[in-house]
>>> print(open('structure_4.tsv').read())   # TSV, C-alpha atoms and all ligand atoms
chain	number	residue	atom	x	y	z
A	26	MET	CA	91.47	128.10	48.92
A	27	GLN	CA	94.94	128.58	50.40
A	28	GLY	CA	97.77	128.29	47.90
A	29	GLU	CA	100.71	130.57	47.33
A	30	SER	CA	101.86	133.27	44.94
A	31	SER	CA	105.53	134.13	44.71
A	32	LEU	CA	107.99	136.42	43.04
A	33	TYR	CA	111.76	136.01	42.68
A	34	ASP	CA	113.89	138.70	41.09
A	35	PHE	CA	116.87	141.03	41.47
A	36	ALA	CA	117.03	144.68	42.51
A	37	MET	CA	119.31	146.88	44.61
A	38	GLY	CA	122.22	144.61	43.73
A	39	THR	CA	120.63	141.66	45.48
A	40	ALA	CA	118.10	138.87	45.07
A	41	PHE	CA	114.67	139.15	46.57
A	42	SER	CA	111.82	136.73	47.09
A	43	ILE	CA	108.24	137.39	48.12
A	44	THR	CA	105.82	134.61	49.07
A	45	LEU	CA	102.19	135.45	49.64
A	46	TYR	CA	100.20	132.64	51.23
A	47	LYS	CA	97.23	133.17	48.97
A	48	HIS	CA	96.52	131.90	45.49
A	49	GLY	CA	96.74	134.01	42.31
A	50	GLN	CA	97.90	137.36	43.74
A	51	TYR	CA	99.69	138.54	40.58
A	52	LYS	CA	98.40	142.09	40.75
A	53	VAL	CA	99.78	142.49	44.27
A	54	LEU	CA	103.11	140.99	43.23
A	55	ASP	CA	103.23	143.42	40.30
A	56	GLU	CA	102.63	146.33	42.63
A	57	ILE	CA	105.39	145.06	44.95
A	58	PHE	CA	107.84	144.72	42.06
A	59	THR	CA	107.06	148.21	40.75
A	60	ASN	CA	107.47	149.66	44.21
A	61	ILE	CA	110.87	147.99	44.75
A	62	LYS	CA	112.05	149.42	41.42
A	63	THR	CA	110.69	152.87	42.32
A	64	ILE	CA	112.65	152.88	45.58
A	65	GLU	CA	115.80	151.69	43.82
A	66	ASN	CA	115.44	154.44	41.21
A	67	LEU	CA	115.15	157.04	43.98
A	68	MET	CA	117.83	155.85	46.39
A	69	SER	CA	120.54	153.96	44.51
A	70	VAL	CA	123.95	155.62	44.37
A	71	ASN	CA	124.54	153.84	41.06
A	72	ILE	CA	121.65	155.36	39.17
A	73	PRO	CA	122.73	158.86	38.07
A	74	SER	CA	119.17	160.22	38.01
A	75	SER	CA	118.31	158.98	41.52
A	76	ASP	CA	117.53	161.44	44.29
A	77	VAL	CA	120.62	160.31	46.17
A	78	SER	CA	122.90	160.78	43.14
A	79	ARG	CA	121.45	164.25	42.55
A	80	ILE	CA	121.97	165.18	46.21
A	81	ASN	CA	125.57	163.95	46.01
A	82	ALA	CA	126.26	165.81	42.76
A	83	ALA	CA	125.04	169.05	44.39
A	84	ALA	CA	127.10	168.62	47.58
A	85	GLY	CA	128.53	171.96	48.68
A	86	ILE	CA	126.55	173.72	45.96
A	87	GLU	CA	122.83	173.65	46.53
A	88	ALA	CA	119.86	171.96	48.19
A	89	VAL	CA	118.06	169.36	46.08
A	90	HIS	CA	114.34	168.72	46.02
A	91	VAL	CA	113.59	165.01	46.52
A	92	ASN	CA	110.68	162.62	46.56
A	93	GLU	CA	108.97	162.38	49.92
A	94	LYS	CA	109.97	158.71	50.24
A	95	THR	CA	113.65	159.63	49.93
A	96	PHE	CA	113.18	162.47	52.37
A	97	LYS	CA	111.62	160.15	54.97
A	98	VAL	CA	114.40	157.58	54.67
A	99	ILE	CA	117.09	160.25	55.07
A	100	GLU	CA	115.25	161.71	58.05
A	101	ARG	CA	115.09	158.29	59.72
A	102	ALA	CA	118.72	157.61	58.82
A	103	ILE	CA	119.75	160.83	60.55
A	104	TYR	CA	117.77	159.79	63.62
A	105	PHE	CA	119.72	156.53	63.80
A	106	ALA	CA	123.00	158.36	63.22
A	107	TYR	CA	122.16	160.59	66.17
A	108	LEU	CA	121.00	157.65	68.30
A	109	SER	CA	124.12	155.58	67.60
A	110	GLY	CA	126.51	158.48	68.14
A	111	GLY	CA	127.53	158.33	64.48
A	112	ALA	CA	128.33	154.58	64.30
A	113	PHE	CA	125.63	154.40	61.65
A	114	ASP	CA	126.20	157.35	59.34
A	115	PRO	CA	124.31	157.83	56.04
A	116	SER	CA	126.89	160.43	54.96
A	117	ILE	CA	129.47	157.64	54.61
A	118	GLY	CA	129.24	157.69	50.78
A	119	ALA	CA	132.65	159.18	50.05
A	120	LEU	CA	134.27	156.53	52.25
A	121	THR	CA	132.33	153.60	50.75
A	122	SER	CA	133.32	154.80	47.26
A	123	LEU	CA	136.96	155.04	48.34
A	124	TRP	CA	136.97	151.39	49.46
A	125	GLY	CA	134.51	150.23	46.82
A	126	ILE	CA	133.66	147.01	48.65
A	127	GLY	CA	130.67	145.35	46.95
A	128	ASN	CA	128.68	148.47	47.46
A	129	ASP	CA	124.97	148.08	48.02
A	130	ASN	CA	122.60	148.99	45.26
A	131	ARG	CA	125.08	148.05	42.58
A	132	ASN	CA	122.74	147.15	39.80
A	133	ASP	CA	125.41	146.08	37.41
A	134	SER	CA	128.18	143.52	37.49
A	135	ARG	CA	131.02	146.03	37.82
A	136	ASN	CA	131.07	145.69	41.56
A	137	ASP	CA	134.70	144.80	41.90
A	138	TYR	CA	136.20	148.20	42.53
A	139	HIS	CA	137.61	147.34	45.93
A	140	ARG	CA	141.02	148.56	47.00
A	141	ILE	CA	142.92	149.33	50.18
A	142	PRO	CA	143.09	153.11	50.21
A	143	LEU	CA	146.12	155.15	51.23
A	144	GLN	CA	146.00	156.39	54.82
A	145	ASP	CA	146.22	159.97	53.51
A	146	ASP	CA	143.13	159.48	51.39
A	147	ILE	CA	141.23	157.92	54.29
A	148	ASP	CA	142.15	160.90	56.48
A	149	LYS	CA	140.96	163.38	53.86
A	150	ILE	CA	137.74	161.52	53.17
A	151	LEU	CA	136.91	161.10	56.87
A	152	SER	CA	136.39	164.86	57.16
A	153	LEU	CA	133.56	164.45	54.63
A	154	VAL	CA	131.72	161.89	56.74
A	155	ASN	CA	129.48	163.66	59.22
A	156	TRP	CA	125.70	163.28	59.34
A	157	ARG	CA	125.45	166.68	61.07
A	158	ASN	CA	126.35	168.24	57.71
A	159	ILE	CA	123.18	166.90	56.09
A	160	VAL	CA	120.67	169.75	56.08
A	161	LEU	CA	117.00	168.85	55.72
A	162	ASP	CA	114.17	171.23	54.95
A	163	SER	CA	110.92	169.43	55.67
A	164	GLU	CA	108.75	172.22	54.29
A	165	ASN	CA	110.27	171.99	50.85
A	166	ASN	CA	111.51	168.38	50.96
A	167	THR	CA	115.05	169.43	50.14
A	168	VAL	CA	118.36	167.91	51.17
A	169	PHE	CA	121.68	169.75	51.22
A	170	LEU	CA	125.12	168.33	51.90
A	171	THR	CA	127.14	171.26	53.15
A	172	GLN	CA	130.60	170.10	51.96
A	173	GLU	CA	131.81	169.56	48.44
A	174	GLY	CA	132.77	165.91	47.94
A	175	MET	CA	130.41	164.73	50.67
A	176	ALA	CA	128.06	161.89	49.67
A	177	LEU	CA	125.10	159.97	51.00
A	178	ASP	CA	125.00	156.17	50.94
A	179	LEU	CA	121.70	154.73	52.12
A	180	GLY	CA	122.81	151.13	51.54
A	181	ALA	CA	122.46	150.21	55.22
A	182	ILE	CA	118.81	151.26	55.48
A	183	THR	CA	117.15	151.12	52.03
A	184	LYS	CA	116.55	147.39	51.95
A	185	GLY	CA	114.87	147.51	55.35
A	186	TYR	CA	112.71	150.42	54.22
A	187	THR	CA	111.77	148.48	51.10
A	188	VAL	CA	110.76	145.47	53.20
A	189	ASP	CA	108.48	147.66	55.36
A	190	ARG	CA	106.78	149.23	52.34
A	191	THR	CA	106.30	145.74	50.86
A	192	VAL	CA	104.58	144.71	54.09
A	193	ASP	CA	102.27	147.76	53.75
A	194	ILE	CA	101.27	146.74	50.23
A	195	ILE	CA	100.55	143.17	51.31
A	196	ARG	CA	98.49	144.28	54.32
A	197	ASN	CA	96.50	146.78	52.24
A	198	ALA	CA	95.66	144.00	49.81
A	199	GLY	CA	94.08	142.10	52.68
A	200	ILE	CA	96.62	139.27	52.59
A	201	LYS	CA	97.15	137.81	56.04
A	202	ARG	CA	100.30	135.73	55.68
A	203	ALA	CA	103.51	136.35	53.76
A	204	LYS	CA	107.26	135.95	53.78
A	205	ILE	CA	109.43	138.74	52.43
A	206	ASP	CA	113.17	138.39	51.82
A	207	ILE	CA	115.07	141.25	50.24
A	208	GLY	CA	118.77	140.43	50.19
A	209	GLY	CA	118.51	138.48	53.43
A	210	GLU	CA	116.39	141.09	55.20
A	211	ILE	CA	113.34	139.14	56.19
A	212	TYR	CA	109.83	139.89	57.35
A	213	MET	CA	107.43	137.17	58.47
A	214	LEU	CA	103.91	138.57	58.22
A	215	GLY	CA	100.93	137.19	60.14
A	216	GLU	CA	100.61	133.70	61.57
A	217	LYS	CA	101.14	130.31	60.05
A	218	THR	CA	97.86	128.51	59.29
A	219	ASP	CA	98.45	125.93	61.99
A	220	LYS	CA	99.37	128.70	64.48
A	221	THR	CA	102.84	127.24	65.09
A	222	PRO	CA	105.61	129.87	65.15
A	223	TRP	CA	107.55	130.84	62.02
A	224	ARG	CA	111.03	129.38	61.82
A	225	VAL	CA	113.75	131.56	60.38
A	226	GLY	CA	117.24	130.18	59.76
A	227	ILE	CA	120.16	132.31	60.95
A	228	GLN	CA	122.92	132.30	58.38
A	229	ASP	CA	126.29	130.87	59.28
A	230	PRO	CA	128.52	133.94	58.94
A	231	LYS	CA	131.53	131.77	58.15
A	232	GLY	CA	129.81	129.24	55.95
A	233	VAL	CA	128.74	129.10	52.37
A	234	HIS	CA	125.48	130.76	51.47
A	235	GLY	CA	122.52	128.76	52.68
A	236	GLY	CA	124.34	127.23	55.67
A	237	ILE	CA	122.79	128.10	59.02
A	238	ILE	CA	123.92	128.13	62.64
A	239	GLY	CA	120.41	127.55	63.94
A	240	PHE	CA	116.95	129.04	63.78
A	241	ILE	CA	114.64	131.33	65.66
A	242	GLN	CA	110.97	130.67	66.32
A	243	THR	CA	108.85	133.75	66.26
A	244	GLY	CA	105.52	135.41	65.58
A	245	GLU	CA	105.29	138.32	63.15
A	246	THR	CA	108.64	140.14	63.00
A	247	SER	CA	111.46	141.40	60.84
A	248	VAL	CA	114.80	139.57	60.95
A	249	VAL	CA	117.86	141.45	59.71
A	250	THR	CA	121.56	140.51	59.79
A	251	SER	CA	124.72	142.56	59.37
A	252	GLY	CA	127.90	140.57	59.03
A	253	ILE	CA	131.45	140.63	57.76
A	254	TYR	CA	130.98	137.77	55.30
A	255	GLU	CA	128.30	139.39	53.12
A	256	ARG	CA	130.49	141.51	50.89
A	257	PHE	CA	134.26	141.50	51.35
A	258	PHE	CA	137.66	140.92	49.85
A	259	GLU	CA	140.89	139.47	51.23
A	260	LYS	CA	144.42	140.79	50.78
A	261	ASP	CA	147.57	139.44	52.45
A	262	GLY	CA	145.47	137.38	54.82
A	263	ILE	CA	143.42	140.35	55.98
A	264	HIS	CA	139.67	140.33	55.62
A	265	TYR	CA	138.16	143.64	54.44
A	266	HIS	CA	134.36	143.86	54.55
A	267	HIS	CA	131.68	146.39	53.66
A	268	ILE	CA	130.58	147.72	57.06
A	269	LEU	CA	132.85	150.67	57.70
A	270	ASN	CA	133.73	152.33	60.97
A	271	PRO	CA	133.05	156.06	60.44
A	272	PHE	CA	135.46	156.94	63.26
A	273	ASN	CA	138.64	155.48	61.74
A	274	GLY	CA	137.64	154.86	58.12
A	275	TYR	CA	138.37	151.09	58.14
A	276	PRO	CA	136.05	148.06	58.04
A	277	ALA	CA	134.55	147.71	61.52
A	278	ASP	CA	136.94	145.45	63.39
A	279	ASN	CA	135.78	143.91	66.64
A	280	GLU	CA	134.96	140.52	68.11
A	281	LEU	CA	131.81	140.05	66.00
A	282	LEU	CA	131.18	137.98	62.89
A	283	SER	CA	127.54	138.99	62.63
A	284	VAL	CA	124.60	140.42	64.48
A	285	THR	CA	121.00	139.46	63.74
A	286	LEU	CA	118.20	141.70	64.96
A	287	THR	CA	114.48	141.16	65.31
A	288	ALA	CA	112.25	144.23	65.42
A	289	SER	CA	108.79	145.31	64.32
A	290	SER	CA	110.28	147.55	61.60
A	291	ALA	CA	112.80	146.14	59.11
A	292	MET	CA	114.08	149.65	58.40
A	293	ASP	CA	114.90	150.18	62.07
A	294	ALA	CA	116.45	146.71	62.30
A	295	ASP	CA	118.53	147.43	59.19
A	296	ALA	CA	119.98	150.70	60.48
A	297	LEU	CA	120.43	149.35	64.00
A	298	SER	CA	122.13	146.11	62.94
A	299	THR	CA	124.72	148.16	61.06
A	300	ALA	CA	125.14	150.50	64.04
A	301	ILE	CA	125.48	147.61	66.50
A	302	PHE	CA	127.98	145.90	64.24
A	303	VAL	CA	130.15	149.02	64.21
A	304	LEU	CA	129.85	149.56	67.97
A	305	GLY	CA	130.52	145.94	68.95
A	306	TYR	CA	128.86	143.84	71.64
A	307	GLU	CA	130.04	145.76	74.70
A	308	ASN	CA	129.36	149.24	73.41
A	309	ALA	CA	125.99	148.59	71.77
A	310	GLY	CA	124.13	147.76	74.98
A	311	PHE	CA	122.57	151.20	75.36
A	312	LEU	CA	120.70	150.81	72.07
A	313	PHE	CA	118.69	147.96	73.58
A	314	GLU	CA	117.51	150.25	76.34
A	315	THR	CA	116.35	153.01	73.98
A	316	GLN	CA	114.72	150.51	71.57
A	317	PRO	CA	112.92	148.05	73.86
A	318	GLY	CA	111.23	146.16	71.00
A	319	ILE	CA	114.46	144.77	69.55
A	320	ALA	CA	116.30	141.53	70.29
A	321	ALA	CA	119.61	140.26	68.95
A	322	ILE	CA	121.79	137.25	68.29
A	323	PHE	CA	125.50	138.06	68.33
A	324	VAL	CA	127.90	135.64	66.63
A	325	PHE	CA	131.49	136.09	67.76
A	326	LYS	CA	134.75	135.30	66.00
A	327	ASP	CA	135.52	132.73	68.72
A	328	LEU	CA	132.27	130.99	67.61
A	329	ASN	CA	130.39	131.85	70.76
A	330	ILE	CA	126.84	133.09	70.44
A	331	LYS	CA	125.11	135.50	72.79
A	332	MET	CA	121.58	136.83	72.86
A	333	SER	CA	120.02	140.06	73.99
A	334	GLY	CA	116.34	140.68	74.58
A	335	ASP	CA	113.41	138.37	73.97
A	336	ILE	CA	114.43	135.87	71.28
A	337	ASP	CA	113.81	132.12	70.92
A	338	PHE	CA	116.95	130.75	69.26
A	339	THR	CA	117.85	127.08	68.75
A	340	LEU	CA	121.46	126.27	67.89
A	341	THR	CA	121.85	123.47	65.31
A	342	ASN	CA	125.44	123.95	64.15
A	343	LYS	CA	127.75	122.21	66.59
A	344	ALA	CA	130.75	124.32	65.60
A	345	PHE	CA	129.21	127.19	67.57
A	346	ASN	CA	128.54	127.54	71.29
A	347	SER	CA	125.42	129.22	72.54
A	348	ALA	CA	126.06	130.97	75.85
A	349	MET	CA	123.35	131.74	78.37
A	350	GLN	CA	121.13	134.70	77.61
A	351	GLU	CA	122.67	137.89	78.97
A	401	LIG	P1	123.95	144.49	53.97
A	401	LIG	O1	123.94	145.47	52.86
A	401	LIG	O2	124.87	143.36	53.77
A	401	LIG	O3	122.58	144.05	54.39
A	401	LIG	P2	124.20	146.54	55.99
A	401	LIG	O4	122.77	146.74	56.16
A	401	LIG	O5	125.02	146.48	57.24
A	401	LIG	O6	124.57	145.22	55.23
A	401	LIG	O7	124.70	147.73	55.09
A	401	LIG	C1	126.01	147.84	54.63
A	401	LIG	C2	126.08	148.93	53.58
A	401	LIG	O8	125.81	150.18	54.20
A	401	LIG	C3	127.45	149.07	52.96
A	401	LIG	O9	127.54	148.34	51.77
A	401	LIG	C4	127.55	150.57	52.73
A	401	LIG	O10	126.89	150.91	51.53
A	401	LIG	C5	126.79	151.15	53.88
A	401	LIG	N1	127.58	151.36	55.12
A	401	LIG	C6	128.76	150.82	55.47
A	401	LIG	N2	129.14	151.22	56.70
A	401	LIG	C7	128.17	152.05	57.13
A	401	LIG	C8	127.97	152.82	58.33
A	401	LIG	N3	128.86	152.79	59.34
A	401	LIG	N4	126.85	153.58	58.42
A	401	LIG	C9	125.95	153.61	57.42
A	401	LIG	N5	126.07	152.93	56.28
A	401	LIG	C10	127.17	152.15	56.13
A	402	MG	MG	121.78	147.63	57.67
>>> encode(input="structure_4.tsv", output="structure tokens")
Amino acid sequence: MQGESSLYDFAMGTAFSITLYKHGQYKVLDEIFTNIKTIENLMSVNIPSSDVSRINAAAGIEAVHVNEKTFKVIERAIYFAYLSGGAFDPSIGALTSLWGIGNDNRNDSRNDYHRIPLQDDIDKILSLVNWRNIVLDSENNTVFLTQEGMALDLGAITKGYTVDRTVDIIRNAGIKRAKIDIGGEIYMLGEKTDKTPWRVGIQDPKGVHGGIIGFIQTGETSVVTSGIYERFFEKDGIHYHHILNPFNGYPADNELLSVTLTASSAMDADALSTAIFVLGYENAGFLFETQPGIAAIFVFKDLNIKMSGDIDFTLTNKAFNSAMQE
């Protein structure tokens, strides 16, 4: 018997939905739910007892022993910081707090702290953003931030990590087909029964939620988007969004509205989509050479769309123009 079992809920300040293409899998869904909550309790900056909050509270003072899951995510985050030349930087916490733009992992409704900081404050805080000042000790699973006031924010990688661990649970349970969506970070697991490709809608970065610009057709993959219309505020006609440029301290400002990545790991796609968004289309090219498994759809402010790598995209929204693959 085929059937479906699904779970819809909220965690990490976002909605998630899990669909297992198998009947009656409540135990597996329970395990998935518990695991999502466990990760949130370890990595949220808004839960005072989380590993990340404890690391931040001990910045400049002492190393903090953390769960091995947290350690692994921070280790991987540092790798992507290195790889992207600091465009993705998990030590961006002090800067994200300063702006307060719909911060990830907010698990309460008080997520409207946003403000345009003073240039002086941005300059001061920028000296606290540097992934090289995160000291890891893999023998003791400890993390130390060398400067007082420095803070981790794993908001650009945690959801992807959570998606990957959810996939592990589903695979271990022997379930062959599933769709995972944690705050728009998607993983299509296995094949459809009729062997046709999965179709995944690509969100219209200018439109209301649910609107799409087109869809991709794909086998098993993760699909992750970073864009300026996810979490933002507007002041005096200027659009301020939640992906910050660690080099100047302001929301990343380039020609892009959004970038969607496909990759075998959602965690990698999560970190990389943020990095690519900060770098912009022209400067992000080198990442595609070091990570051959990834492909991307870039949506530009002039409504052009470009693709990179092996991706089967069909444009359905006539407001946009799909250029030739580059
Ligand atoms: P979303 O949360 O909408 O999926 P991202 O994966 O791009 O989008 O993550 C954005 C979040 O990551 C921000 O809310 C913030 O917490 C954090 N962040 C912002 N800029 C950076 C950056 N340059 N490097 C690492 N993390 C960042
Ligand atoms: Mg991300």
>>> residues_near_ligand(input="structure_4.tsv", ligand="ligand LIG 401 (chain A)", cutoff="9 Å", atoms="all atoms listed in the file", output="JSON, numbers by chain")
{"A": [39, 102, 106, 111, 112, 113, 114, 115, 116, 117, 118, 120, 121, 122, 125, 126, 127, 128, 129, 130, 177, 178, 179, 180, 181, 182, 183, 184, 185, 208, 209, 210, 249, 250, 251, 252, 253, 254, 255, 256, 266, 267, 268, 269, 270, 271, 272, 276, 277, 294, 295, 296, 297, 298, 299, 300, 302, 303]}
>>> closest_residue(input="structure_4.tsv", among="A:Tyr51, A:Trp124, A:Phe105, A:Tyr46", to="Phe257 in chain A", atoms="all atoms listed in the file")
A:Trp124
>>> atom_distance(input="structure_4.tsv", atom1="CA of Gln172 in chain A", atom2="CA of Ile72 in chain A")
21.5 Å
>>> axis_aligned_box(input="structure_4.tsv", around="range 287-297 of chain A", padding_each_side="4 Å", output="AutoDock Vina command-line options")
--center_x 114.6 --center_y 145.9 --center_z 61.9 --size_x 19.6 --size_y 17.5 --size_z 15.0
>>> residues_around(input="structure_4.tsv", residues="range 217-229 of chain A", least_positions_apart="3", cutoff="6 Å", atoms="all atoms listed in the file", output="list of chain:residue names")
A:Gly232, A:Gly236, A:Ile237, A:Ile238, A:Gly239, A:Phe240, A:Ile241, A:Gln242, A:Thr243, A:Gly244
>>> residues_around(input="structure_4.tsv", residues="Val188 in chain A", least_positions_apart="4", cutoff="8 Å", atoms="all atoms listed in the file", output="list in words")
Lys184, Val192, Ile205, Asp206, Ile207, Glu210, Ile211, Tyr212, Ala291 and Met292 of chain A
>>> write_last_selection(input="structure_4.tsv", atoms="C-alpha atoms", output="compact mmCIF listing (two decimals), keeping the file's coordinate frame")
# COMPACT_ATOMS: atom_id res chain seq x y z
CA LYS A 184 116.55 147.39 51.95
CA VAL A 192 104.58 144.71 54.09
CA ILE A 205 109.43 138.74 52.43
CA ASP A 206 113.17 138.39 51.82
CA ILE A 207 115.07 141.25 50.24
CA GLU A 210 116.39 141.09 55.20
CA ILE A 211 113.34 139.14 56.19
CA TYR A 212 109.83 139.89 57.35
CA ALA A 291 112.80 146.14 59.11
CA MET A 292 114.08 149.65 58.40
